[in-house]
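Below is one structure, written out as structure tokens, with a few remarks after it.
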Amino acid sequence: MTSTSSKATYVIGWAAIVALASSLLFALVLSPPEVSMGDSVRLLYLHLPTIAVSYLGYGITFLGSVIYLRNQSVFWDLLAGAAAEIGVLFTAFVLITGSIWGKPTWGTYWEWDPRLTATTVMFIMYLGYLAIRRMDLPQEVRSRRAAVIGIIAIANLIIVRYSVQWWRGLHQGQTLGVDTQLDGLMLFSLFLSVVAFLFLGAWLLIHRFRVAWLERQVEDMRLARALNERRGEAGDATLGGAVS
Amino acid sequence: MVNLSGAISLIGGFPALAGVDLTVADGEIVVLRGPNGAGKSTLLRLCAGLAHLNGGTGTILGHDLSSREQRRRIRRETGLLAHQTFLYDELTVEDNLIFWARANRADPSTVEPILDRLDLGGRLRTVKISALSAGQRRRASVAVMVCRRPKLWLLDEPHAGLDQTGRDFIDDIVRHAVRFGATVIIASHDHERVSNLATRTVHLVGGMVTGAEDGREEGQNVS
Amino acid sequence: MFRDAWLMASKDLRIEWATRVGMGQILPFGGLVLILFGLAISPDLAVAGSDGRSLLAQAAPGLFWITVLLASLLALGRSFAVESADGNLDALKMAGLDPAGIFLGKSAAVAIQLLALQVVLGLGAFVLYGPPLTDLVLLLVVVILATLGITAAGTVYAAVASGLRVRDTMVPLLVLPVVAPVLLAATKATEAAVFGPLENGWSWAMLLGVFALLYAGVGMLAFGPIMEES
């Protein structure tokens, strides 16, 4: 394999484009504004799918970490890393777009509401996970430590979520509640966006995973060459050394 | 005691050992000779259960090197002396010995006699490691090893940085250990001194064994 | 396991006693941070509706806990720096100490050091920022539980970053997001203990306890895989 594209990625890629285009149409034009929130509900069609894919990514990281610790499988190790990168990417997207959208809609770039705060902490947490994957240590050590952290991270997520919720629950906060009225066309738009973002996420994940796979193969080839060179040293010594 | 076949060990992706075949029998004193970078230190660490076996097979003291569980047993039963002291600089000789004795489940009451035997008793007992000379530090590291009573002694350049007395001391310790049933593998550049000790010499170059001789008999190749 | 924990903890504390890094360097650092906060936040600003309390006094609990967090990062880094030198981590592996025991021992030692620091830093906060005190018992409970949580979680992540040359920048990045809930809960509980009313204080304290227990468990399980080099 010398390229990371394949029939599968072409199919998924095009499906993603089509789904994204149509969900854009539905989200911005075809679906009606919501009863209480008006047009600002449209942000939901962007944010909810993005954060959902993000969580899915972190979930895959968790799963991959567990399986890697069990059987040392390279596939699951690399998948966990790639999924975390996708998760971080989508989380960053949510935070940035939320901030940009927030100014004209609610007047501020930032709101200390539980969801936003917890999401930001989660973002930094997984930045830490990615930093671990890039540590200057032998590969097996790096992968093992990252896997342990990938597993613990889920527990951290829950704790942060819960405590921040409680923290802001004591104050009034302007939140983008999902308990607003959604029906019919709006539900469909939401569903469509989720599907679109899933395709997008999957496409990115496959490519990122394959790049990681290729990188690992390059490392293996380099190792094989280094092994040969090393043996060459030994060979030279026996040839040129004392034959008594 | 030691049985390695085609052993490959990677240090940060570099094949420090590229296929080592080595057999060491009980009670032997094997000397590793080779240029810098040949992989002597890695070979010793592998025998200590600290380095990872990435290829080939190996058993140390009957335990399989590729099993994590058995590597733990190997670590308990081997002793490594390297250029690092394996001591806490900030603590005294005595504190270090007592800590390491307890950590290794050895009887702390054996610390006193060992310190005396190694000439670390008296004033030196309460001196911090950081204040000792190189020779004294080496003796303290040896003391920890003696406490542990390992069956396999792995010494990495034990004479380096020591004066004549220090080097003689190391030789005595090695002979003493073997007399009490241990097996010793030494990596050393001090050819003369070490060939007096060795029952067998093994040459290591480029992460592989390139030749071996019996004891002091130079010129006899046993590969 | 407890035997190994006790062994590690007493060794770490003995080293601390011999070098006085905690007292001589980390404590002054903590005091300095407290003072810097005072410089950054004018003591003259008053907060509406808080009996004329200054902003500094009102924020005292949070500022205190941030100071403690920063000091803990130093203490945690130091705890593992001691092992990285002279190949001691290898020697610990050779000795066959129970990793869970090593975890408990090291985090207990850091916790004890932090608690000692907090006595002085706490007094400092009261003196420099001038908040009142309503419930000393709650305050003490909060301090103990929060410290246990911070050190348990911190020890796990400091171990992950051990052996790295960039350890000192990795540890904050790994530890701080994880102990953010502790900062939250401890600040809220301390506010209750210091200003009153007390109702939520004990619930927050309970959250701290849960966190501490959780991370003690996580640490004991995760330390084996983390320490295993190959």
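Following the order of the structure tokens, chains are lettered A, B, ..., residues in each are numbered from 1, and ligands are numbered from 1.
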Test item: residues at most 7 Å from segment 181-190 of chain B, only C-alpha atoms, excluding those fewer than 3 positions along its chain, as a tab-separated table (two decimals) with C-alpha atoms, in the first residue's frame:
```
chain	number	residue	atom	x	y	z
B	26	ASP	CA	26.76	-22.85	36.44
B	27	GLY	CA	29.79	-21.58	38.25
B	28	GLU	CA	31.49	-20.11	35.19
B	29	ILE	CA	33.16	-16.74	35.08
B	30	VAL	CA	32.54	-15.50	31.56
B	31	VAL	CA	34.20	-12.35	30.30
B	32	LEU	CA	32.64	-10.29	27.51
B	33	ARG	CA	35.11	-8.50	25.33
B	40	LYS	CA	27.91	-5.67	26.04
B	151	LYS	CA	22.66	-16.54	41.59
B	152	LEU	CA	23.87	-14.71	38.51
B	153	TRP	CA	26.20	-11.73	38.84
B	154	LEU	CA	26.31	-9.33	35.92
B	155	LEU	CA	29.13	-6.82	36.11
B	156	ASP	CA	29.42	-4.04	33.55
B	157	GLU	CA	32.95	-2.60	33.55
B	177	ALA	CA	30.90	-15.13	44.86
B	178	VAL	CA	31.76	-18.04	42.62
B	193	ARG	CA	43.26	-8.43	34.90
B	194	VAL	CA	40.10	-10.06	33.70
```
#### Entry: chain B contacts on chain C, only C-alpha atoms, 7 Å, as a PyMOL selection string
chain C and resi 15+18-19+86-88+91+94-97+230
Print the selection's residues with C-alpha atoms to a file, as a PDB file, in the first residue's frame.
```pdb
ATOM      1  CA  ILE C  15      15.188  11.928  51.332  1.00  0.00           C
ATOM      2  CA  ALA C  18      17.832  15.137  54.073  1.00  0.00           C
ATOM      3  CA  THR C  19      17.504  17.615  51.214  1.00  0.00           C
ATOM      4  CA  ASP C  86      21.257   6.722  39.128  1.00  0.00           C
ATOM      5  CA  GLY C  87      19.059   4.093  37.515  1.00  0.00           C
ATOM      6  CA  ASN C  88      16.998   3.625  40.657  1.00  0.00           C
ATOM      7  CA  ALA C  91      16.848  -1.149  40.794  1.00  0.00           C
ATOM      8  CA  MET C  94      15.049  -5.668  40.119  1.00  0.00           C
ATOM      9  CA  ALA C  95      13.930  -5.705  43.717  1.00  0.00           C
ATOM     10  CA  GLY C  96      10.500  -6.803  42.661  1.00  0.00           C
ATOM     11  CA  LEU C  97       8.531  -4.310  44.710  1.00  0.00           C
ATOM     12  CA  SER C 230       8.890  -3.828  28.189  1.00  0.00           C
TER      13      SER C 230
END
```
### Task
Rank nothing, just name the residue among C:Ala109, C:Ala57, C:Ala40, C:Val160 nearest to Leu137 of chain A, using only C-alpha atoms.
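Comparing C:Ala109, C:Ala57, C:Ala40, C:Val160 against Leu137 of chain A, the winner is C:Val160.
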Can I get the residues of chain A within 7 Å of chain C, each with the closest pair of atoms and their distance in Å to one decimal, using only C-alpha atoms, sorted chain first then ascending number, as CSV?
```
residue,atom,partner,partner_atom,distance
A:Val121,CA,C:Pro177,CA,5.7
A:Ile124,CA,C:Pro177,CA,6.6
A:Met125,CA,C:Pro177,CA,5.6
A:Gly128,CA,C:Leu174,CA,5.4
A:Asp136,CA,C:Leu164,CA,6.9
A:Glu140,CA,C:Ser230,CA,6.6
A:Val141,CA,C:Glu229,CA,5.8
A:Arg145,CA,C:Ile226,CA,5.5
A:Val148,CA,C:Ala222,CA,6.7
A:Asn156,CA,C:Val178,CA,6.3
A:Val160,CA,C:Pro181,CA,5.6
A:Ser163,CA,C:Pro181,CA,5.9
```
May I have the selected residues written with C-alpha atoms, as a compact mmCIF listing (two decimals), in the first residue's frame?
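Heads up, here's the output in out_14.txt:
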```txt
# COMPACT_ATOMS: atom_id res chain seq x y z
CA VAL A 121 -11.08 20.55 29.82
CA ILE A 124 -6.85 19.71 26.81
CA MET A 125 -6.90 16.27 28.38
CA GLY A 128 -2.10 15.50 26.75
CA ASP A 136 10.70 10.32 23.27
CA GLU A 140 6.41 -0.27 23.18
CA VAL A 141 6.75 1.87 26.28
CA ARG A 145 1.57 4.23 28.66
CA VAL A 148 -3.31 3.22 30.07
CA ASN A 156 -11.81 11.59 33.82
CA VAL A 160 -15.21 16.45 34.87
CA SER A 163 -18.51 18.10 38.70
```
### Task
Would you kindly report the residues of chain B within 8 Å of chain A, using only C-alpha atoms, as a list in words?
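Within 8 Å of chain A on chain B, we get Ile11, Gly12, Gly13, Phe14, Pro15, Ala18, Leu204, Val205, Gly206, Gly207, Met208, Val209, Thr210, Gly211, Gly219, Gln220 and Asn221 of chain B.
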### Task
For Cys147 of chain B, please output as number ranges by chain all residues within 8 Å (counting only C-alpha atoms; exclusion window: fewer than 3 positions along the same chain).
B: 101, 106, 110-111, 114, 143-144
Keeping only all heavy atoms, take the residues you just selected and write them out as a short mmCIF file (atom, residue, chain, number, x, y, z; two decimals), in the first residue's frame.
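File written: result09.cif
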```cif
data_model
loop_
_atom_site.label_atom_id
_atom_site.label_comp_id
_atom_site.auth_asym_id
_atom_site.auth_seq_id
_atom_site.Cartn_x
_atom_site.Cartn_y
_atom_site.Cartn_z
N ALA B 101 17.93 -3.61 51.20
CA ALA B 101 17.80 -4.95 51.77
C ALA B 101 16.32 -5.27 51.98
O ALA B 101 15.83 -6.32 51.58
CB ALA B 101 18.56 -5.04 53.10
N ALA B 106 15.42 -9.02 51.83
CA ALA B 106 16.57 -9.65 52.51
C ALA B 106 16.53 -9.25 53.98
O ALA B 106 15.93 -8.24 54.35
CB ALA B 106 17.87 -9.18 51.86
N THR B 110 21.64 -8.55 58.09
CA THR B 110 22.85 -8.93 57.38
C THR B 110 23.61 -7.70 56.88
O THR B 110 24.73 -7.81 56.41
CB THR B 110 22.54 -9.80 56.15
OG1 THR B 110 21.68 -9.06 55.27
CG2 THR B 110 21.84 -11.09 56.56
N VAL B 111 22.98 -6.53 56.98
CA VAL B 111 23.60 -5.32 56.46
C VAL B 111 24.89 -4.99 57.21
O VAL B 111 25.92 -4.72 56.59
CB VAL B 111 22.61 -4.13 56.55
CG1 VAL B 111 23.33 -2.82 56.33
CG2 VAL B 111 21.50 -4.30 55.53
N ILE B 114 27.94 -7.17 56.35
CA ILE B 114 28.34 -6.92 54.96
C ILE B 114 29.09 -5.60 54.85
O ILE B 114 30.11 -5.49 54.18
CB ILE B 114 27.12 -6.95 54.02
CG1 ILE B 114 26.60 -8.39 53.90
CG2 ILE B 114 27.47 -6.41 52.65
CD1 ILE B 114 25.35 -8.52 53.06
N ALA B 143 27.82 -3.85 47.86
CA ALA B 143 27.21 -4.27 49.12
C ALA B 143 25.73 -4.59 48.93
O ALA B 143 25.23 -5.60 49.43
CB ALA B 143 27.38 -3.18 50.18
N VAL B 144 25.05 -3.73 48.17
CA VAL B 144 23.63 -3.99 47.91
C VAL B 144 23.47 -5.32 47.17
O VAL B 144 22.60 -6.13 47.48
CB VAL B 144 23.00 -2.85 47.08
CG1 VAL B 144 21.61 -3.22 46.63
CG2 VAL B 144 22.97 -1.56 47.88
#
```
With only C-alpha atoms as the counted atoms, please give the residues lying no more than 7 Å from segment 123-128 of chain C, apart from itself and same-chain residues fewer than 5 positions off, as a PDB file with C-alpha atoms, in the first residue's frame.
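Saved the output as around24.pdb:
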```pdb
ATOM      1  CA  LEU C  34       0.254  33.891  47.054  1.00  0.00           C
ATOM      2  CA  ALA C  60      -9.027  33.609  48.576  1.00  0.00           C
ATOM      3  CA  PHE C  64      -5.166  29.193  47.690  1.00  0.00           C
TER       4      PHE C  64
END
```
### Task
Identify all residues of segment 17-208 of chain B in alpha helix (DSSP H) (DSSP on the backbone) and supply them as a VMD selection string.
chain B and resid 40 to 47 68 to 77 93 to 103 111 to 117 134 to 148 164 to 179 191 to 197
### Task
Tell me, as a list in words, which residues lie within 7 Å of Pro49 of chain A, counting only C-alpha atoms; anything in the same chain fewer than 6 positions away does not count.
Ser193, Val194 and Phe197 of chain A
### Message
Residues near segment 3-12 of chain A, anyone? I mean within 8 Å using only C-alpha atoms, not counting same-chain ones fewer than 5 positions away, as a list of chain:residue names.
### Response
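Here the qualifying residues turn out to be A:Phe199, A:Leu200, A:Ala202, A:Trp203, A:Ile206, A:His207, A:Arg210, A:Val211.
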### Task
Using only C-alpha atoms, pick whichever of B:Arg139, B:Val202, B:Leu120, B:Asp172 has the shortest atom-to-atom distance to Leu43 of chain B.
B:Val202
Neighbours of Leu198 of chain C within 12 Å (only C-alpha atoms; same-chain residues fewer than 2 positions away dropped), as a PDB file with all heavy atoms, in the first residue's frame?
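Result file is selection37.pdb:
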```pdb
ATOM      1  N   LEU C 133     -13.426  32.901  58.828  1.00  0.00           N
ATOM      2  CA  LEU C 133     -13.456  31.445  58.925  1.00  0.00           C
ATOM      3  C   LEU C 133     -14.735  31.045  59.631  1.00  0.00           C
ATOM      4  O   LEU C 133     -15.036  31.559  60.707  1.00  0.00           O
ATOM      5  CB  LEU C 133     -12.238  30.926  59.701  1.00  0.00           C
ATOM      6  CG  LEU C 133     -12.220  29.401  59.937  1.00  0.00           C
ATOM      7  CD1 LEU C 133     -12.199  28.673  58.607  1.00  0.00           C
ATOM      8  CD2 LEU C 133     -11.031  29.013  60.779  1.00  0.00           C
ATOM      9  N   THR C 134     -15.501  30.165  58.991  1.00  0.00           N
ATOM     10  CA  THR C 134     -16.762  29.743  59.599  1.00  0.00           C
ATOM     11  C   THR C 134     -16.685  28.353  60.197  1.00  0.00           C
ATOM     12  O   THR C 134     -17.134  28.123  61.309  1.00  0.00           O
ATOM     13  CB  THR C 134     -17.893  29.769  58.531  1.00  0.00           C
ATOM     14  OG1 THR C 134     -17.871  31.016  57.880  1.00  0.00           O
ATOM     15  CG2 THR C 134     -19.230  29.540  59.200  1.00  0.00           C
ATOM     16  N   ASP C 135     -16.141  27.416  59.449  1.00  0.00           N
ATOM     17  CA  ASP C 135     -16.119  26.032  59.937  1.00  0.00           C
ATOM     18  C   ASP C 135     -14.732  25.434  59.735  1.00  0.00           C
ATOM     19  O   ASP C 135     -14.374  25.066  58.618  1.00  0.00           O
ATOM     20  CB  ASP C 135     -17.172  25.216  59.203  1.00  0.00           C
ATOM     21  CG  ASP C 135     -17.326  23.823  59.791  1.00  0.00           C
ATOM     22  OD1 ASP C 135     -16.486  23.424  60.629  1.00  0.00           O
ATOM     23  OD2 ASP C 135     -18.277  23.132  59.412  1.00  0.00           O
ATOM     24  N   LEU C 136     -13.989  25.323  60.813  1.00  0.00           N
ATOM     25  CA  LEU C 136     -12.630  24.810  60.698  1.00  0.00           C
ATOM     26  C   LEU C 136     -12.614  23.328  60.346  1.00  0.00           C
ATOM     27  O   LEU C 136     -11.775  22.871  59.575  1.00  0.00           O
ATOM     28  CB  LEU C 136     -11.881  25.044  62.021  1.00  0.00           C
ATOM     29  CG  LEU C 136     -10.427  24.573  62.053  1.00  0.00           C
ATOM     30  CD1 LEU C 136      -9.604  25.351  61.034  1.00  0.00           C
ATOM     31  CD2 LEU C 136      -9.831  24.727  63.442  1.00  0.00           C
ATOM     32  N   VAL C 137     -13.574  22.583  60.907  1.00  0.00           N
ATOM     33  CA  VAL C 137     -13.596  21.130  60.664  1.00  0.00           C
ATOM     34  C   VAL C 137     -13.765  20.856  59.174  1.00  0.00           C
ATOM     35  O   VAL C 137     -13.023  20.070  58.577  1.00  0.00           O
ATOM     36  CB  VAL C 137     -14.742  20.462  61.447  1.00  0.00           C
ATOM     37  CG1 VAL C 137     -14.813  18.981  61.101  1.00  0.00           C
ATOM     38  CG2 VAL C 137     -14.505  20.648  62.933  1.00  0.00           C
ATOM     39  N   LEU C 138     -14.749  21.517  58.579  1.00  0.00           N
ATOM     40  CA  LEU C 138     -14.979  21.326  57.143  1.00  0.00           C
ATOM     41  C   LEU C 138     -13.723  21.675  56.363  1.00  0.00           C
ATOM     42  O   LEU C 138     -13.312  20.960  55.451  1.00  0.00           O
ATOM     43  CB  LEU C 138     -16.157  22.176  56.672  1.00  0.00           C
ATOM     44  CG  LEU C 138     -16.433  22.135  55.159  1.00  0.00           C
ATOM     45  CD1 LEU C 138     -16.761  20.721  54.724  1.00  0.00           C
ATOM     46  CD2 LEU C 138     -17.580  23.070  54.791  1.00  0.00           C
ATOM     47  N   LEU C 139     -13.101  22.761  56.750  1.00  0.00           N
ATOM     48  CA  LEU C 139     -11.900  23.198  56.046  1.00  0.00           C
ATOM     49  C   LEU C 139     -10.821  22.124  56.099  1.00  0.00           C
ATOM     50  O   LEU C 139     -10.207  21.778  55.092  1.00  0.00           O
ATOM     51  CB  LEU C 139     -11.383  24.505  56.664  1.00  0.00           C
ATOM     52  CG  LEU C 139     -10.171  25.127  55.980  1.00  0.00           C
ATOM     53  CD1 LEU C 139     -10.539  25.528  54.566  1.00  0.00           C
ATOM     54  CD2 LEU C 139      -9.660  26.327  56.745  1.00  0.00           C
ATOM     55  N   LYS C 188     -15.124  25.357  46.034  1.00  0.00           N
ATOM     56  CA  LYS C 188     -16.501  25.505  46.490  1.00  0.00           C
ATOM     57  C   LYS C 188     -16.631  25.125  47.949  1.00  0.00           C
ATOM     58  O   LYS C 188     -17.283  25.809  48.740  1.00  0.00           O
ATOM     59  CB  LYS C 188     -17.416  24.630  45.640  1.00  0.00           C
ATOM     60  CG  LYS C 188     -17.782  25.276  44.335  1.00  0.00           C
ATOM     61  CD  LYS C 188     -18.956  26.213  44.546  1.00  0.00           C
ATOM     62  CE  LYS C 188     -19.130  27.202  43.436  1.00  0.00           C
ATOM     63  NZ  LYS C 188     -18.385  28.419  43.582  1.00  0.00           N
ATOM     64  N   ALA C 189     -16.031  24.001  48.317  1.00  0.00           N
ATOM     65  CA  ALA C 189     -16.154  23.541  49.699  1.00  0.00           C
ATOM     66  C   ALA C 189     -15.447  24.510  50.642  1.00  0.00           C
ATOM     67  O   ALA C 189     -15.932  24.800  51.735  1.00  0.00           O
ATOM     68  CB  ALA C 189     -15.572  22.140  49.826  1.00  0.00           C
ATOM     69  N   THR C 190     -14.298  25.005  50.224  1.00  0.00           N
ATOM     70  CA  THR C 190     -13.563  25.955  51.064  1.00  0.00           C
ATOM     71  C   THR C 190     -14.350  27.242  51.215  1.00  0.00           C
ATOM     72  O   THR C 190     -14.389  27.848  52.288  1.00  0.00           O
ATOM     73  CB  THR C 190     -12.178  26.250  50.466  1.00  0.00           C
ATOM     74  OG1 THR C 190     -11.517  25.019  50.222  1.00  0.00           O
ATOM     75  CG2 THR C 190     -11.343  27.093  51.394  1.00  0.00           C
ATOM     76  N   GLU C 191     -14.966  27.680  50.137  1.00  0.00           N
ATOM     77  CA  GLU C 191     -15.812  28.886  50.232  1.00  0.00           C
ATOM     78  C   GLU C 191     -16.885  28.680  51.277  1.00  0.00           C
ATOM     79  O   GLU C 191     -17.174  29.579  52.080  1.00  0.00           O
ATOM     80  CB  GLU C 191     -16.468  29.183  48.884  1.00  0.00           C
ATOM     81  CG  GLU C 191     -15.590  29.974  47.937  1.00  0.00           C
ATOM     82  CD  GLU C 191     -16.227  30.144  46.573  1.00  0.00           C
ATOM     83  OE1 GLU C 191     -17.416  29.799  46.427  1.00  0.00           O
ATOM     84  OE2 GLU C 191     -15.525  30.612  45.668  1.00  0.00           O
ATOM     85  N   ALA C 192     -17.499  27.486  51.268  1.00  0.00           N
ATOM     86  CA  ALA C 192     -18.526  27.204  52.262  1.00  0.00           C
ATOM     87  C   ALA C 192     -17.939  27.234  53.659  1.00  0.00           C
ATOM     88  O   ALA C 192     -18.520  27.786  54.593  1.00  0.00           O
ATOM     89  CB  ALA C 192     -19.175  25.858  51.978  1.00  0.00           C
ATOM     90  N   ALA C 193     -16.776  26.643  53.815  1.00  0.00           N
ATOM     91  CA  ALA C 193     -16.170  26.570  55.142  1.00  0.00           C
ATOM     92  C   ALA C 193     -15.706  27.933  55.626  1.00  0.00           C
ATOM     93  O   ALA C 193     -15.644  28.191  56.826  1.00  0.00           O
ATOM     94  CB  ALA C 193     -14.975  25.613  55.108  1.00  0.00           C
ATOM     95  N   VAL C 194     -15.371  28.791  54.697  1.00  0.00           N
ATOM     96  CA  VAL C 194     -14.795  30.078  55.077  1.00  0.00           C
ATOM     97  C   VAL C 194     -15.870  31.152  55.203  1.00  0.00           C
ATOM     98  O   VAL C 194     -15.908  31.906  56.165  1.00  0.00           O
ATOM     99  CB  VAL C 194     -13.726  30.482  54.039  1.00  0.00           C
ATOM    100  CG1 VAL C 194     -13.409  31.951  54.127  1.00  0.00           C
ATOM    101  CG2 VAL C 194     -12.483  29.643  54.235  1.00  0.00           C
ATOM    102  N   PHE C 195     -16.745  31.242  54.215  1.00  0.00           N
ATOM    103  CA  PHE C 195     -17.762  32.296  54.228  1.00  0.00           C
ATOM    104  C   PHE C 195     -19.091  31.809  54.753  1.00  0.00           C
ATOM    105  O   PHE C 195     -19.923  32.598  55.178  1.00  0.00           O
ATOM    106  CB  PHE C 195     -17.979  32.854  52.819  1.00  0.00           C
ATOM    107  CG  PHE C 195     -16.738  33.387  52.178  1.00  0.00           C
ATOM    108  CD1 PHE C 195     -16.293  32.899  50.958  1.00  0.00           C
ATOM    109  CD2 PHE C 195     -15.989  34.380  52.791  1.00  0.00           C
ATOM    110  CE1 PHE C 195     -15.154  33.394  50.356  1.00  0.00           C
ATOM    111  CE2 PHE C 195     -14.837  34.875  52.198  1.00  0.00           C
ATOM    112  CZ  PHE C 195     -14.423  34.384  50.971  1.00  0.00           C
ATOM    113  N   GLY C 196     -19.330  30.505  54.666  1.00  0.00           N
ATOM    114  CA  GLY C 196     -20.681  29.995  54.897  1.00  0.00           C
ATOM    115  C   GLY C 196     -21.545  30.397  53.725  1.00  0.00           C
ATOM    116  O   GLY C 196     -21.140  31.208  52.922  1.00  0.00           O
ATOM    117  N   ASN C 200     -23.846  23.242  51.006  1.00  0.00           N
ATOM    118  CA  ASN C 200     -23.203  22.515  49.917  1.00  0.00           C
ATOM    119  C   ASN C 200     -21.800  22.058  50.252  1.00  0.00           C
ATOM    120  O   ASN C 200     -21.267  21.160  49.622  1.00  0.00           O
ATOM    121  CB  ASN C 200     -23.158  23.392  48.668  1.00  0.00           C
ATOM    122  CG  ASN C 200     -24.526  23.542  48.045  1.00  0.00           C
ATOM    123  OD1 ASN C 200     -25.234  22.568  47.896  1.00  0.00           O
ATOM    124  ND2 ASN C 200     -24.890  24.770  47.721  1.00  0.00           N
ATOM    125  N   GLY C 201     -21.215  22.685  51.247  1.00  0.00           N
ATOM    126  CA  GLY C 201     -19.824  22.392  51.573  1.00  0.00           C
ATOM    127  C   GLY C 201     -19.551  20.907  51.727  1.00  0.00           C
ATOM    128  O   GLY C 201     -18.619  20.365  51.149  1.00  0.00           O
ATOM    129  N   TRP C 202     -20.388  20.254  52.509  1.00  0.00           N
ATOM    130  CA  TRP C 202     -20.125  18.839  52.760  1.00  0.00           C
ATOM    131  C   TRP C 202     -20.365  17.975  51.533  1.00  0.00           C
ATOM    132  O   TRP C 202     -19.717  16.947  51.346  1.00  0.00           O
ATOM    133  CB  TRP C 202     -20.960  18.361  53.949  1.00  0.00           C
ATOM    134  CG  TRP C 202     -20.425  18.913  55.230  1.00  0.00           C
ATOM    135  CD1 TRP C 202     -20.941  19.954  55.945  1.00  0.00           C
ATOM    136  CD2 TRP C 202     -19.250  18.487  55.922  1.00  0.00           C
ATOM    137  NE1 TRP C 202     -20.165  20.211  57.047  1.00  0.00           N
ATOM    138  CE2 TRP C 202     -19.109  19.316  57.060  1.00  0.00           C
ATOM    139  CE3 TRP C 202     -18.306  17.495  55.694  1.00  0.00           C
ATOM    140  CZ2 TRP C 202     -18.071  19.177  57.970  1.00  0.00           C
ATOM    141  CZ3 TRP C 202     -17.265  17.354  56.604  1.00  0.00           C
ATOM    142  CH2 TRP C 202     -17.150  18.189  57.726  1.00  0.00           C
ATOM    143  N   SER C 203     -21.294  18.382  50.672  1.00  0.00           N
ATOM    144  CA  SER C 203     -21.481  17.602  49.441  1.00  0.00           C
ATOM    145  C   SER C 203     -20.255  17.699  48.549  1.00  0.00           C
ATOM    146  O   SER C 203     -19.813  16.712  47.958  1.00  0.00           O
ATOM    147  CB  SER C 203     -22.692  18.101  48.658  1.00  0.00           C
ATOM    148  OG  SER C 203     -23.636  18.651  49.503  1.00  0.00           O
ATOM    149  N   TRP C 204     -19.709  18.896  48.447  1.00  0.00           N
ATOM    150  CA  TRP C 204     -18.484  19.046  47.669  1.00  0.00           C
ATOM    151  C   TRP C 204     -17.358  18.227  48.289  1.00  0.00           C
ATOM    152  O   TRP C 204     -16.556  17.609  47.583  1.00  0.00           O
ATOM    153  CB  TRP C 204     -18.063  20.512  47.588  1.00  0.00           C
ATOM    154  CG  TRP C 204     -18.881  21.327  46.639  1.00  0.00           C
ATOM    155  CD1 TRP C 204     -19.731  22.350  46.960  1.00  0.00           C
ATOM    156  CD2 TRP C 204     -18.935  21.205  45.212  1.00  0.00           C
ATOM    157  NE1 TRP C 204     -20.305  22.870  45.833  1.00  0.00           N
ATOM    158  CE2 TRP C 204     -19.836  22.181  44.740  1.00  0.00           C
ATOM    159  CE3 TRP C 204     -18.312  20.362  44.289  1.00  0.00           C
ATOM    160  CZ2 TRP C 204     -20.125  22.339  43.396  1.00  0.00           C
ATOM    161  CZ3 TRP C 204     -18.607  20.527  42.940  1.00  0.00           C
ATOM    162  CH2 TRP C 204     -19.507  21.512  42.511  1.00  0.00           C
ATOM    163  N   ALA C 205     -17.319  18.219  49.606  1.00  0.00           N
ATOM    164  CA  ALA C 205     -16.281  17.438  50.278  1.00  0.00           C
ATOM    165  C   ALA C 205     -16.424  15.962  49.935  1.00  0.00           C
ATOM    166  O   ALA C 205     -15.429  15.255  49.739  1.00  0.00           O
ATOM    167  CB  ALA C 205     -16.358  17.654  51.790  1.00  0.00           C
TER     168      ALA C 205
END
```
